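Structure file start_37.tsv (TSV, C-alpha atoms) follows.
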```
chain	number	residue	atom	x	y	z
A	6	MET	CA	-78.92	120.26	109.21
A	7	GLY	CA	-76.95	121.02	106.03
A	8	ARG	CA	-76.23	118.65	103.20
A	9	PRO	CA	-73.36	116.21	103.83
A	10	SER	CA	-70.02	117.13	102.32
A	11	THR	CA	-68.65	115.16	99.41
A	12	ARG	CA	-66.20	113.49	101.78
A	13	ASP	CA	-68.95	112.46	104.20
A	14	LYS	CA	-71.10	111.20	101.35
A	15	LEU	CA	-68.25	109.01	100.16
A	16	LEU	CA	-67.65	107.72	103.69
A	17	ASP	CA	-71.33	106.93	104.25
A	18	THR	CA	-71.57	105.14	100.92
A	19	ALA	CA	-68.35	103.18	101.40
A	20	GLU	CA	-69.37	102.20	104.93
A	21	GLY	CA	-72.62	100.66	103.71
A	22	LEU	CA	-71.08	98.89	100.71
A	23	PHE	CA	-68.09	97.51	102.61
A	24	ALA	CA	-70.36	96.33	105.43
A	25	GLU	CA	-72.49	94.38	102.97
A	26	HIS	CA	-69.92	93.10	100.48
A	27	GLY	CA	-66.50	93.33	102.18
A	28	LEU	CA	-63.41	95.06	100.87
A	29	GLU	CA	-62.83	92.53	98.11
A	30	GLY	CA	-66.38	92.87	96.82
A	31	VAL	CA	-66.41	96.64	96.30
A	32	SER	CA	-64.37	98.68	93.85
A	33	LEU	CA	-63.57	102.34	94.32
A	34	ARG	CA	-65.41	102.97	91.06
A	35	ALA	CA	-68.54	101.34	92.54
A	36	ILE	CA	-68.40	103.63	95.58
A	37	ASN	CA	-68.16	106.73	93.40
A	38	ALA	CA	-71.06	105.53	91.27
A	39	GLU	CA	-73.27	104.67	94.25
A	40	ALA	CA	-72.55	108.09	95.75
A	41	GLY	CA	-73.44	109.77	92.44
A	42	LEU	CA	-70.02	111.36	92.12
A	43	SER	CA	-67.35	111.50	89.44
A	44	PRO	CA	-64.94	108.56	89.06
A	45	ALA	CA	-62.10	110.69	90.45
A	46	ALA	CA	-63.87	111.86	93.62
A	47	LEU	CA	-62.79	109.10	95.96
A	48	HIS	CA	-59.18	109.15	94.78
A	49	TYR	CA	-59.09	112.92	95.28
A	50	HIS	CA	-60.32	112.72	98.89
A	51	PHE	CA	-58.62	109.51	100.06
A	52	GLY	CA	-56.13	108.26	97.49
A	53	SER	CA	-56.46	104.54	98.19
A	54	GLN	CA	-58.74	101.89	99.66
A	55	GLN	CA	-56.50	101.56	102.72
A	56	ALA	CA	-56.71	105.29	103.43
A	57	LEU	CA	-60.47	105.14	102.97
A	58	VAL	CA	-60.84	102.27	105.47
A	59	GLU	CA	-58.64	104.08	107.99
A	60	ALA	CA	-60.80	107.19	107.59
A	61	LEU	CA	-63.93	105.09	108.17
A	62	LEU	CA	-62.51	103.66	111.39
A	63	GLU	CA	-61.29	107.06	112.52
A	64	ARG	CA	-64.79	108.55	112.32
A	65	ARG	CA	-66.10	106.54	115.28
A	66	MET	CA	-63.29	104.57	116.89
A	67	PRO	CA	-61.65	107.32	118.98
A	68	ALA	CA	-64.89	108.06	120.86
A	69	LEU	CA	-65.67	104.36	121.35
A	70	MET	CA	-62.19	103.58	122.62
A	71	GLY	CA	-62.21	106.67	124.83
A	72	ARG	CA	-65.42	105.49	126.48
A	73	ARG	CA	-63.97	102.00	126.91
A	74	ARG	CA	-60.88	103.47	128.57
A	75	GLU	CA	-63.12	105.31	131.04
A	76	LEU	CA	-64.86	102.08	131.98
A	77	LEU	CA	-61.59	100.17	132.23
A	78	ASP	CA	-60.10	102.91	134.42
A	79	ALA	CA	-63.06	102.52	136.77
A	80	ILE	CA	-62.38	98.81	137.36
A	81	ASP	CA	-58.58	98.83	137.11
A	82	ASP	CA	-58.02	99.33	140.82
A	83	GLU	CA	-55.55	97.04	142.57
A	84	ARG	CA	-57.38	97.57	145.86
A	85	ARG	CA	-60.47	95.66	144.82
A	86	PRO	CA	-61.13	92.47	142.86
A	87	VAL	CA	-62.28	92.53	139.27
A	88	SER	CA	-64.76	90.06	137.79
A	89	PRO	CA	-65.04	88.74	134.23
A	90	ARG	CA	-68.40	90.51	133.94
A	91	ASP	CA	-66.76	93.83	134.88
A	92	VAL	CA	-64.37	93.44	131.96
A	93	LEU	CA	-67.12	92.40	129.59
A	94	VAL	CA	-69.23	95.41	130.56
A	95	ALA	CA	-66.29	97.65	129.65
A	96	LEU	CA	-65.99	95.79	126.35
A	97	ILE	CA	-69.65	95.88	125.35
A	98	ARG	CA	-71.21	98.98	126.94
A	99	PRO	CA	-69.54	101.56	124.63
A	100	LEU	CA	-70.98	99.79	121.60
A	101	ALA	CA	-74.42	99.43	123.19
A	102	GLU	CA	-74.47	103.13	124.09
A	103	PHE	CA	-73.32	103.98	120.58
A	104	LEU	CA	-76.19	101.96	119.10
A	105	ALA	CA	-78.76	103.50	121.42
A	106	GLU	CA	-77.60	107.04	120.57
A	107	GLY	CA	-76.62	106.63	116.92
A	108	GLY	CA	-79.44	104.48	115.59
A	109	HIS	CA	-79.08	103.07	112.10
A	110	GLU	CA	-75.88	105.01	111.34
A	111	ALA	CA	-74.26	103.35	114.34
A	112	LEU	CA	-75.60	99.98	113.23
A	113	ARG	CA	-74.05	100.48	109.79
A	114	TYR	CA	-70.68	101.22	111.39
A	115	LEU	CA	-70.84	98.12	113.61
A	116	ARG	CA	-71.69	96.02	110.59
A	117	LEU	CA	-68.63	97.42	108.85
A	118	VAL	CA	-66.38	96.58	111.81
A	119	HIS	CA	-67.87	93.10	112.07
A	120	ARG	CA	-67.36	92.50	108.33
A	121	LEU	CA	-63.75	93.69	108.49
A	122	GLN	CA	-63.09	91.46	111.50
A	123	SER	CA	-64.79	88.42	109.98
A	124	ASP	CA	-62.91	88.79	106.69
A	125	GLY	CA	-59.55	89.24	108.42
A	126	ASP	CA	-59.27	92.84	107.21
A	127	LEU	CA	-59.16	94.43	110.67
A	128	ASP	CA	-55.62	94.14	111.98
A	129	PRO	CA	-55.70	93.93	115.82
A	130	ALA	CA	-52.14	95.29	115.99
A	131	PHE	CA	-53.22	98.37	114.02
A	132	VAL	CA	-56.20	98.96	116.34
A	133	ILE	CA	-54.08	98.60	119.48
A	134	ALA	CA	-51.33	100.86	118.13
A	135	ARG	CA	-53.74	103.54	116.88
A	136	TYR	CA	-56.11	103.44	119.87
A	137	PRO	CA	-54.09	102.29	122.92
A	138	GLY	CA	-55.79	101.47	126.19
A	139	GLY	CA	-59.06	100.30	124.72
A	140	VAL	CA	-58.32	96.68	123.79
A	141	ASP	CA	-54.84	95.87	125.08
A	142	ARG	CA	-55.95	96.15	128.72
A	143	LEU	CA	-58.69	93.54	128.43
A	144	LEU	CA	-56.51	90.44	128.67
A	145	PRO	CA	-54.48	91.58	131.73
A	146	LEU	CA	-57.72	92.38	133.55
A	147	LEU	CA	-59.17	89.01	132.63
A	148	GLU	CA	-56.01	87.36	133.98
A	149	ARG	CA	-56.62	89.14	137.28
A	150	ALA	CA	-60.25	88.09	137.29
A	151	LEU	CA	-59.52	84.45	136.39
A	152	PRO	CA	-55.97	83.64	137.54
A	153	GLU	CA	-56.66	79.90	137.35
A	154	VAL	CA	-57.34	80.03	133.59
A	155	PRO	CA	-54.23	79.81	131.34
A	156	ARG	CA	-53.45	82.89	129.29
A	157	GLU	CA	-53.82	81.08	125.98
A	158	VAL	CA	-57.33	79.97	126.96
A	159	LEU	CA	-58.27	83.52	127.93
A	160	GLU	CA	-56.89	84.81	124.63
A	161	LEU	CA	-59.02	82.31	122.72
A	162	ARG	CA	-62.13	83.09	124.74
A	163	LEU	CA	-61.60	86.83	124.34
A	164	GLY	CA	-61.32	86.46	120.58
A	165	LEU	CA	-64.52	84.41	120.52
A	166	ALA	CA	-66.22	86.95	122.77
A	167	ILE	CA	-65.31	89.89	120.52
A	168	HIS	CA	-66.52	88.04	117.43
A	169	THR	CA	-69.77	87.03	119.13
A	170	MET	CA	-70.31	90.55	120.49
A	171	LEU	CA	-69.84	92.20	117.09
A	172	ARG	CA	-71.98	89.65	115.26
A	173	SER	CA	-74.76	89.91	117.81
A	174	LEU	CA	-74.86	93.69	118.11
A	175	ALA	CA	-74.45	94.29	114.39
A	176	HIS	CA	-77.05	91.82	113.14
A	177	ASP	CA	-79.41	90.81	115.96
A	178	THR	CA	-80.46	94.16	117.41
A	179	ASP	CA	-82.75	97.04	116.52
A	180	PRO	CA	-81.15	100.22	117.88
A	181	THR	CA	-84.50	101.98	117.83
A	182	GLY	CA	-86.30	99.18	119.66
A	183	ARG	CA	-86.94	98.68	123.33
A	184	ASP	CA	-85.21	95.31	123.50
A	185	LEU	CA	-81.63	96.59	123.15
A	186	ALA	CA	-80.99	96.66	126.91
A	187	ALA	CA	-82.42	93.16	127.33
A	188	HIS	CA	-80.31	91.93	124.42
A	189	VAL	CA	-77.14	93.39	125.92
A	190	GLY	CA	-77.98	91.85	129.29
A	191	ALA	CA	-78.42	88.42	127.70
A	192	LEU	CA	-75.16	88.86	125.79
A	193	LEU	CA	-73.33	89.71	129.01
A	194	ASP	CA	-74.82	86.68	130.76
A	195	PHE	CA	-73.81	84.41	127.89
A	196	LEU	CA	-70.23	85.67	127.60
A	197	THR	CA	-69.69	85.75	131.36
A	198	GLY	CA	-70.69	82.10	131.50
A	199	ALA	CA	-68.29	81.34	128.66
A	200	PHE	CA	-65.33	82.88	130.49
A	201	GLU	CA	-66.19	81.17	133.76
A	202	ALA	CA	-66.77	77.75	132.18
A	203	PRO	CA	-64.47	74.94	133.34
A	204	ILE	CA	-61.71	73.80	131.03
A	205	THR	CA	-62.55	70.24	130.01
A	206	GLY	CA	-60.20	69.72	127.09
A	207	ASP	CA	-63.01	67.79	125.41
A	208	SER	CA	-63.30	68.55	121.69
A	209	ALA	CA	-66.38	66.38	121.17
```
Show the structure stored in the file as structure tokens.
Amino acid sequence: MGRPSTRDKLLDTAEGLFAEHGLEGVSLRAINAEAGLSPAALHYHFGSQQALVEALLERRMPALMGRRRELLDAIDDERRPVSPRDVLVALIRPLAEFLAEGGHEALRYLRLVHRLQSDGDLDPAFVIARYPGGVDRLLPLLERALPEVPREVLELRLGLAIHTMLRSLAHDTDPTGRDLAAHVGALLDFLTGAFEAPITGDSA
């Protein structure tokens, strides 16, 4: 395997730094320095922090969303019922497969996505517009699976599920270990139970 290009070196470095410190905690100068490149390198290749972040997402997101669309297509059949677990499998499995195949590079990417989401720097509207069919179909399928649950409750539970999924996969797994499948199974059990839980209205 050849040496990474300057562009890839910048992306790898930025991915790790942003995942650890967030966008606000990392300057473009710091990325250039960490990568061992001139102060102008990042500006030459990307121009701005926003363009850099979009390039980071674009490296992995199309394949992940494409795999999710395949799984959603498989369950989006009006002739048979769909369960909350079916939808959650389509949500989680692409990331689990990515971790199993990509190892620590995949883990670094998931930590970046989790950090962006946690800090409010990952705009859901941008993701849906750029990668249609991978996220926007989740809520309608959950409505089919749980017609008795109000839409606003499903929206809240889906947001909590995505946050929990990203946090758990990005920080509580070893992609090279044998426990990844067991971890994903436990995560699916936990989130399925959360979606199927009764609505009590009790805030205590």
For the interface of stretch 25-50 of chain A with stretch 11-16 of chain A (cut-off 12 Å, counting all atoms listed in the file), please tabulate each contacting residue of stretch 25-50 of chain A alongside its nearest pair of atoms and their separation in Å to one decimal, rows sorted by chain and increasing number, as a tab-separated table.
```
residue	atom	partner	partner_atom	distance
A:Leu33	CA	A:Leu15	CA	10.0
A:Arg34	CA	A:Leu15	CA	11.3
A:Ala35	CA	A:Leu15	CA	10.8
A:Ile36	CA	A:Leu15	CA	7.1
A:Asn37	CA	A:Leu15	CA	7.1
A:Ala38	CA	A:Leu15	CA	10.0
A:Glu39	CA	A:Leu15	CA	8.9
A:Ala40	CA	A:Leu15	CA	6.2
A:Gly41	CA	A:Lys14	CA	9.3
A:Leu42	CA	A:Thr11	CA	8.3
A:Ser43	CA	A:Thr11	CA	10.7
A:Pro44	CA	A:Leu15	CA	11.6
A:Ala45	CA	A:Leu15	CA	11.6
A:Ala46	CA	A:Thr11	CA	8.2
A:Leu47	CA	A:Leu15	CA	6.9
A:His48	CA	A:Leu15	CA	10.5
A:Tyr49	CA	A:Arg12	CA	9.7
A:His50	CA	A:Arg12	CA	6.6
```
Option closest in space to A:Thr169, from A:Val31, A:Ala95, A:His119, A:Arg156 [counting only C-alpha atoms] |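 Checking each candidate against A:Thr169, we get A:His119 as the closest.
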With a distance cut-off of 9 Å and all atoms listed in the file, select the neighbouring residues of A:Ser173, excluding the residue or stretch itself and same-chain residues fewer than 4 positions from it, and output the selection as a ChimeraX atom specification.
-> /A:168-169,177-178,188,192
Between A:Pro89, A:Leu171, A:Ala101, A:Asp184, which is the closest to A:Leu159 once you count only C-alpha atoms?
-> A:Pro89
Two-atom distance - atom CA of A:Ala130, atom CA of A:Gln54 (Å) |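 Atom CA of A:Gln54 lies at a distance of 18.8 Å from atom CA of A:Ala130.
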Two-atom distance - atom CA of A:Gly71, atom CA of A:Gly139 (Å) |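 Atom-to-atom, atom CA of A:Gly71 and atom CA of A:Gly139 are spaced 7.1 Å apart.
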Quick one: of A:Val87, A:Leu28, A:Leu62, A:Ala79, who's nearest to A:Gly125, counting only C-alpha atoms?
->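 Selected residue with least distance to A:Gly125: A:Leu28.
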Can you work out which one of A:Leu77, A:Leu121, A:Leu161, A:Ala60 has the shortest atom-to-atom distance to A:Arg142, counting only C-alpha atoms?
->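 Nearest candidate to A:Arg142 out of A:Leu77, A:Leu121, A:Leu161, A:Ala60: A:Leu77.
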Interatomic distance between atom CA of A:Leu117 and atom CA of A:Arg172?
->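 A separation of 10.6 Å between them.
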Protein and nucleic acid residues near (-71.2, 103.2, 111.2) (cut-off 12 Å, all atoms listed in the file) as an MDAnalysis selection string = chainID A and resid 13 16:24 58 60:66 69 100 103:104 106:120 175
Preceding selection exported with C-alpha atoms as a PDB file, in the coordinates of the input:
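again.pdb was written with the following content:
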```
ATOM      1  CA  ASP A  13     -68.950 112.460 104.200  1.00  0.00           C
ATOM      2  CA  LEU A  16     -67.650 107.720 103.690  1.00  0.00           C
ATOM      3  CA  ASP A  17     -71.330 106.930 104.250  1.00  0.00           C
ATOM      4  CA  THR A  18     -71.570 105.140 100.920  1.00  0.00           C
ATOM      5  CA  ALA A  19     -68.350 103.180 101.400  1.00  0.00           C
ATOM      6  CA  GLU A  20     -69.370 102.200 104.930  1.00  0.00           C
ATOM      7  CA  GLY A  21     -72.620 100.660 103.710  1.00  0.00           C
ATOM      8  CA  LEU A  22     -71.080  98.890 100.710  1.00  0.00           C
ATOM      9  CA  PHE A  23     -68.090  97.510 102.610  1.00  0.00           C
ATOM     10  CA  ALA A  24     -70.360  96.330 105.430  1.00  0.00           C
ATOM     11  CA  VAL A  58     -60.840 102.270 105.470  1.00  0.00           C
ATOM     12  CA  ALA A  60     -60.800 107.190 107.590  1.00  0.00           C
ATOM     13  CA  LEU A  61     -63.930 105.090 108.170  1.00  0.00           C
ATOM     14  CA  LEU A  62     -62.510 103.660 111.390  1.00  0.00           C
ATOM     15  CA  GLU A  63     -61.290 107.060 112.520  1.00  0.00           C
ATOM     16  CA  ARG A  64     -64.790 108.550 112.320  1.00  0.00           C
ATOM     17  CA  ARG A  65     -66.100 106.540 115.280  1.00  0.00           C
ATOM     18  CA  MET A  66     -63.290 104.570 116.890  1.00  0.00           C
ATOM     19  CA  LEU A  69     -65.670 104.360 121.350  1.00  0.00           C
ATOM     20  CA  LEU A 100     -70.980  99.790 121.600  1.00  0.00           C
ATOM     21  CA  PHE A 103     -73.320 103.980 120.580  1.00  0.00           C
ATOM     22  CA  LEU A 104     -76.190 101.960 119.100  1.00  0.00           C
ATOM     23  CA  GLU A 106     -77.600 107.040 120.570  1.00  0.00           C
ATOM     24  CA  GLY A 107     -76.620 106.630 116.920  1.00  0.00           C
ATOM     25  CA  GLY A 108     -79.440 104.480 115.590  1.00  0.00           C
ATOM     26  CA  HIS A 109     -79.080 103.070 112.100  1.00  0.00           C
ATOM     27  CA  GLU A 110     -75.880 105.010 111.340  1.00  0.00           C
ATOM     28  CA  ALA A 111     -74.260 103.350 114.340  1.00  0.00           C
ATOM     29  CA  LEU A 112     -75.600  99.980 113.230  1.00  0.00           C
ATOM     30  CA  ARG A 113     -74.050 100.480 109.790  1.00  0.00           C
ATOM     31  CA  TYR A 114     -70.680 101.220 111.390  1.00  0.00           C
ATOM     32  CA  LEU A 115     -70.840  98.120 113.610  1.00  0.00           C
ATOM     33  CA  ARG A 116     -71.690  96.020 110.590  1.00  0.00           C
ATOM     34  CA  LEU A 117     -68.630  97.420 108.850  1.00  0.00           C
ATOM     35  CA  VAL A 118     -66.380  96.580 111.810  1.00  0.00           C
ATOM     36  CA  HIS A 119     -67.870  93.100 112.070  1.00  0.00           C
ATOM     37  CA  ARG A 120     -67.360  92.500 108.330  1.00  0.00           C
ATOM     38  CA  ALA A 175     -74.450  94.290 114.390  1.00  0.00           C
TER      39      ALA A 175
END
```
Selection: 9 Å around A:Ile97, all atoms listed in the file, excl. self and same-chain fewer than 2 positions, as an mmCIF file with C-alpha atoms, keeping the file's coordinate frame:
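Result written to result-v4.cif:
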```
data_model
loop_
_atom_site.group_PDB
_atom_site.id
_atom_site.type_symbol
_atom_site.label_atom_id
_atom_site.label_comp_id
_atom_site.auth_asym_id
_atom_site.auth_seq_id
_atom_site.Cartn_x
_atom_site.Cartn_y
_atom_site.Cartn_z
ATOM 1 C CA ARG A 73 -63.970 102.000 126.910
ATOM 2 C CA VAL A 92 -64.370 93.440 131.960
ATOM 3 C CA LEU A 93 -67.120 92.400 129.590
ATOM 4 C CA VAL A 94 -69.230 95.410 130.560
ATOM 5 C CA ALA A 95 -66.290 97.650 129.650
ATOM 6 C CA PRO A 99 -69.540 101.560 124.630
ATOM 7 C CA LEU A 100 -70.980 99.790 121.600
ATOM 8 C CA ALA A 101 -74.420 99.430 123.190
ATOM 9 C CA GLU A 102 -74.470 103.130 124.090
ATOM 10 C CA ILE A 167 -65.310 89.890 120.520
ATOM 11 C CA MET A 170 -70.310 90.550 120.490
ATOM 12 C CA VAL A 189 -77.140 93.390 125.920
ATOM 13 C CA LEU A 192 -75.160 88.860 125.790
ATOM 14 C CA LEU A 193 -73.330 89.710 129.010
#
```
List the residues sitting within 9 Å of (-61.6, 80.7, 138.8) in the file's frame, using all atoms listed in the file, as a list in words.
-> Ala150, Leu151, Pro152, Glu153, Val154, Glu201, Ala202 and Pro203 of chain A
Residues at most 10 Å from A:Ile80, counting all atoms listed in the file, excluding those fewer than 4 positions away in the same chain, as an NGL selection string?
-> :A and (75-76 or 84-88 or 91-92 or 95 or 146)
Minimum-distance residue to A:Gln122, chosen among A:Leu57, A:Pro67, A:Leu196, A:Leu165 (using only C-alpha atoms) |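 Closest residue, counting only C-alpha atoms: A:Leu165.
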Give the answer as one residue: which of A:Leu163, A:Ala199, A:Arg98, A:Arg74 has the shortest atom-to-atom distance to A:Leu147, using only C-alpha atoms?
->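 Smallest distance to A:Leu147 is found for A:Leu163.
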Dump C-alpha atoms of stretch 25-106 of chain A from the given block, as a PDB file, in the first residue's frame.
```pdb
ATOM      1  CA  GLU A  25     -11.594  14.184  20.359  1.00  0.00           C
ATOM      2  CA  HIS A  26     -11.987  17.944  20.725  1.00  0.00           C
ATOM      3  CA  GLY A  27     -14.973  18.980  18.570  1.00  0.00           C
ATOM      4  CA  LEU A  28     -15.025  21.623  15.873  1.00  0.00           C
ATOM      5  CA  GLU A  29     -14.685  24.508  18.306  1.00  0.00           C
ATOM      6  CA  GLY A  30     -11.638  22.974  19.956  1.00  0.00           C
ATOM      7  CA  VAL A  31      -9.496  22.526  16.836  1.00  0.00           C
ATOM      8  CA  SER A  32      -8.047  25.218  14.598  1.00  0.00           C
ATOM      9  CA  LEU A  33      -7.100  24.647  10.985  1.00  0.00           C
ATOM     10  CA  ARG A  34      -3.552  25.602  11.961  1.00  0.00           C
ATOM     11  CA  ALA A  35      -3.537  22.794  14.551  1.00  0.00           C
ATOM     12  CA  ILE A  36      -4.595  20.242  11.930  1.00  0.00           C
ATOM     13  CA  ASN A  37      -1.802  21.303   9.579  1.00  0.00           C
ATOM     14  CA  ALA A  38       0.722  21.124  12.414  1.00  0.00           C
ATOM     15  CA  GLU A  39      -0.439  17.702  13.612  1.00  0.00           C
ATOM     16  CA  ALA A  40      -0.253  16.396  10.042  1.00  0.00           C
ATOM     17  CA  GLY A  41       3.273  17.807   9.677  1.00  0.00           C
ATOM     18  CA  LEU A  42       2.292  20.000   6.751  1.00  0.00           C
ATOM     19  CA  SER A  43       2.649  23.664   5.878  1.00  0.00           C
ATOM     20  CA  PRO A  44       0.153  26.168   7.333  1.00  0.00           C
ATOM     21  CA  ALA A  45      -1.404  26.634   3.885  1.00  0.00           C
ATOM     22  CA  ALA A  46      -1.983  22.944   3.102  1.00  0.00           C
ATOM     23  CA  LEU A  47      -5.479  22.584   4.491  1.00  0.00           C
ATOM     24  CA  HIS A  48      -6.710  25.834   2.970  1.00  0.00           C
ATOM     25  CA  TYR A  49      -5.330  24.752  -0.405  1.00  0.00           C
ATOM     26  CA  HIS A  50      -7.155  21.399  -0.354  1.00  0.00           C
ATOM     27  CA  PHE A  51     -10.427  22.382   1.358  1.00  0.00           C
ATOM     28  CA  GLY A  52     -10.692  26.147   1.747  1.00  0.00           C
ATOM     29  CA  SER A  53     -12.719  26.199   4.958  1.00  0.00           C
ATOM     30  CA  GLN A  54     -13.663  24.187   8.028  1.00  0.00           C
ATOM     31  CA  GLN A  55     -17.155  23.575   6.648  1.00  0.00           C
ATOM     32  CA  ALA A  56     -15.773  22.149   3.411  1.00  0.00           C
ATOM     33  CA  LEU A  57     -13.388  19.985   5.420  1.00  0.00           C
ATOM     34  CA  VAL A  58     -16.210  18.562   7.563  1.00  0.00           C
ATOM     35  CA  GLU A  59     -18.315  17.861   4.476  1.00  0.00           C
ATOM     36  CA  ALA A  60     -15.349  16.046   2.912  1.00  0.00           C
ATOM     37  CA  LEU A  61     -14.956  13.978   6.086  1.00  0.00           C
ATOM     38  CA  LEU A  62     -18.609  12.939   6.007  1.00  0.00           C
ATOM     39  CA  GLU A  63     -18.463  12.236   2.291  1.00  0.00           C
ATOM     40  CA  ARG A  64     -15.638   9.721   2.720  1.00  0.00           C
ATOM     41  CA  ARG A  65     -17.834   7.160   4.488  1.00  0.00           C
ATOM     42  CA  MET A  66     -21.446   8.312   4.531  1.00  0.00           C
ATOM     43  CA  PRO A  67     -22.498   7.346   0.978  1.00  0.00           C
ATOM     44  CA  ALA A  68     -21.576   3.683   1.523  1.00  0.00           C
ATOM     45  CA  LEU A  69     -23.202   3.583   4.968  1.00  0.00           C
ATOM     46  CA  MET A  70     -26.401   5.183   3.729  1.00  0.00           C
ATOM     47  CA  GLY A  71     -26.432   2.943   0.658  1.00  0.00           C
ATOM     48  CA  ARG A  72     -26.278  -0.136   2.875  1.00  0.00           C
ATOM     49  CA  ARG A  73     -29.034   1.265   5.088  1.00  0.00           C
ATOM     50  CA  ARG A  74     -31.215   1.853   2.035  1.00  0.00           C
ATOM     51  CA  GLU A  75     -30.748  -1.800   1.040  1.00  0.00           C
ATOM     52  CA  LEU A  76     -31.907  -2.954   4.461  1.00  0.00           C
ATOM     53  CA  LEU A  77     -34.836  -0.533   4.493  1.00  0.00           C
ATOM     54  CA  ASP A  78     -35.873  -1.671   1.005  1.00  0.00           C
ATOM     55  CA  ALA A  79     -35.958  -5.252   2.283  1.00  0.00           C
ATOM     56  CA  ILE A  80     -38.488  -4.434   5.030  1.00  0.00           C
ATOM     57  CA  ASP A  81     -40.473  -1.709   3.258  1.00  0.00           C
ATOM     58  CA  ASP A  82     -43.054  -4.080   1.834  1.00  0.00           C
ATOM     59  CA  GLU A  83     -46.725  -3.182   2.279  1.00  0.00           C
ATOM     60  CA  ARG A  84     -47.650  -6.865   2.053  1.00  0.00           C
ATOM     61  CA  ARG A  85     -46.088  -7.792   5.366  1.00  0.00           C
ATOM     62  CA  PRO A  86     -45.890  -6.181   8.797  1.00  0.00           C
ATOM     63  CA  VAL A  87     -42.784  -4.410   9.993  1.00  0.00           C
ATOM     64  CA  SER A  88     -41.531  -4.494  13.579  1.00  0.00           C
ATOM     65  CA  PRO A  89     -39.584  -1.878  15.544  1.00  0.00           C
ATOM     66  CA  ARG A  90     -36.649  -4.296  15.681  1.00  0.00           C
ATOM     67  CA  ASP A  91     -36.659  -4.563  11.866  1.00  0.00           C
ATOM     68  CA  VAL A  92     -36.236  -0.799  11.635  1.00  0.00           C
ATOM     69  CA  LEU A  93     -33.554  -0.739  14.304  1.00  0.00           C
ATOM     70  CA  VAL A  94     -31.595  -3.474  12.535  1.00  0.00           C
ATOM     71  CA  ALA A  95     -31.603  -1.329   9.393  1.00  0.00           C
ATOM     72  CA  LEU A  96     -30.416   1.616  11.486  1.00  0.00           C
ATOM     73  CA  ILE A  97     -27.619  -0.155  13.349  1.00  0.00           C
ATOM     74  CA  ARG A  98     -26.346  -2.977  11.119  1.00  0.00           C
ATOM     75  CA  PRO A  99     -24.533  -0.757   8.564  1.00  0.00           C
ATOM     76  CA  LEU A 100     -22.492   0.805  11.363  1.00  0.00           C
ATOM     77  CA  ALA A 101     -21.778  -2.554  12.996  1.00  0.00           C
ATOM     78  CA  GLU A 102     -20.622  -4.013   9.673  1.00  0.00           C
ATOM     79  CA  PHE A 103     -18.507  -0.922   9.081  1.00  0.00           C
ATOM     80  CA  LEU A 104     -16.823  -1.364  12.471  1.00  0.00           C
ATOM     81  CA  ALA A 105     -16.203  -5.064  11.910  1.00  0.00           C
ATOM     82  CA  GLU A 106     -14.629  -4.425   8.497  1.00  0.00           C
TER      83      GLU A 106
END
```
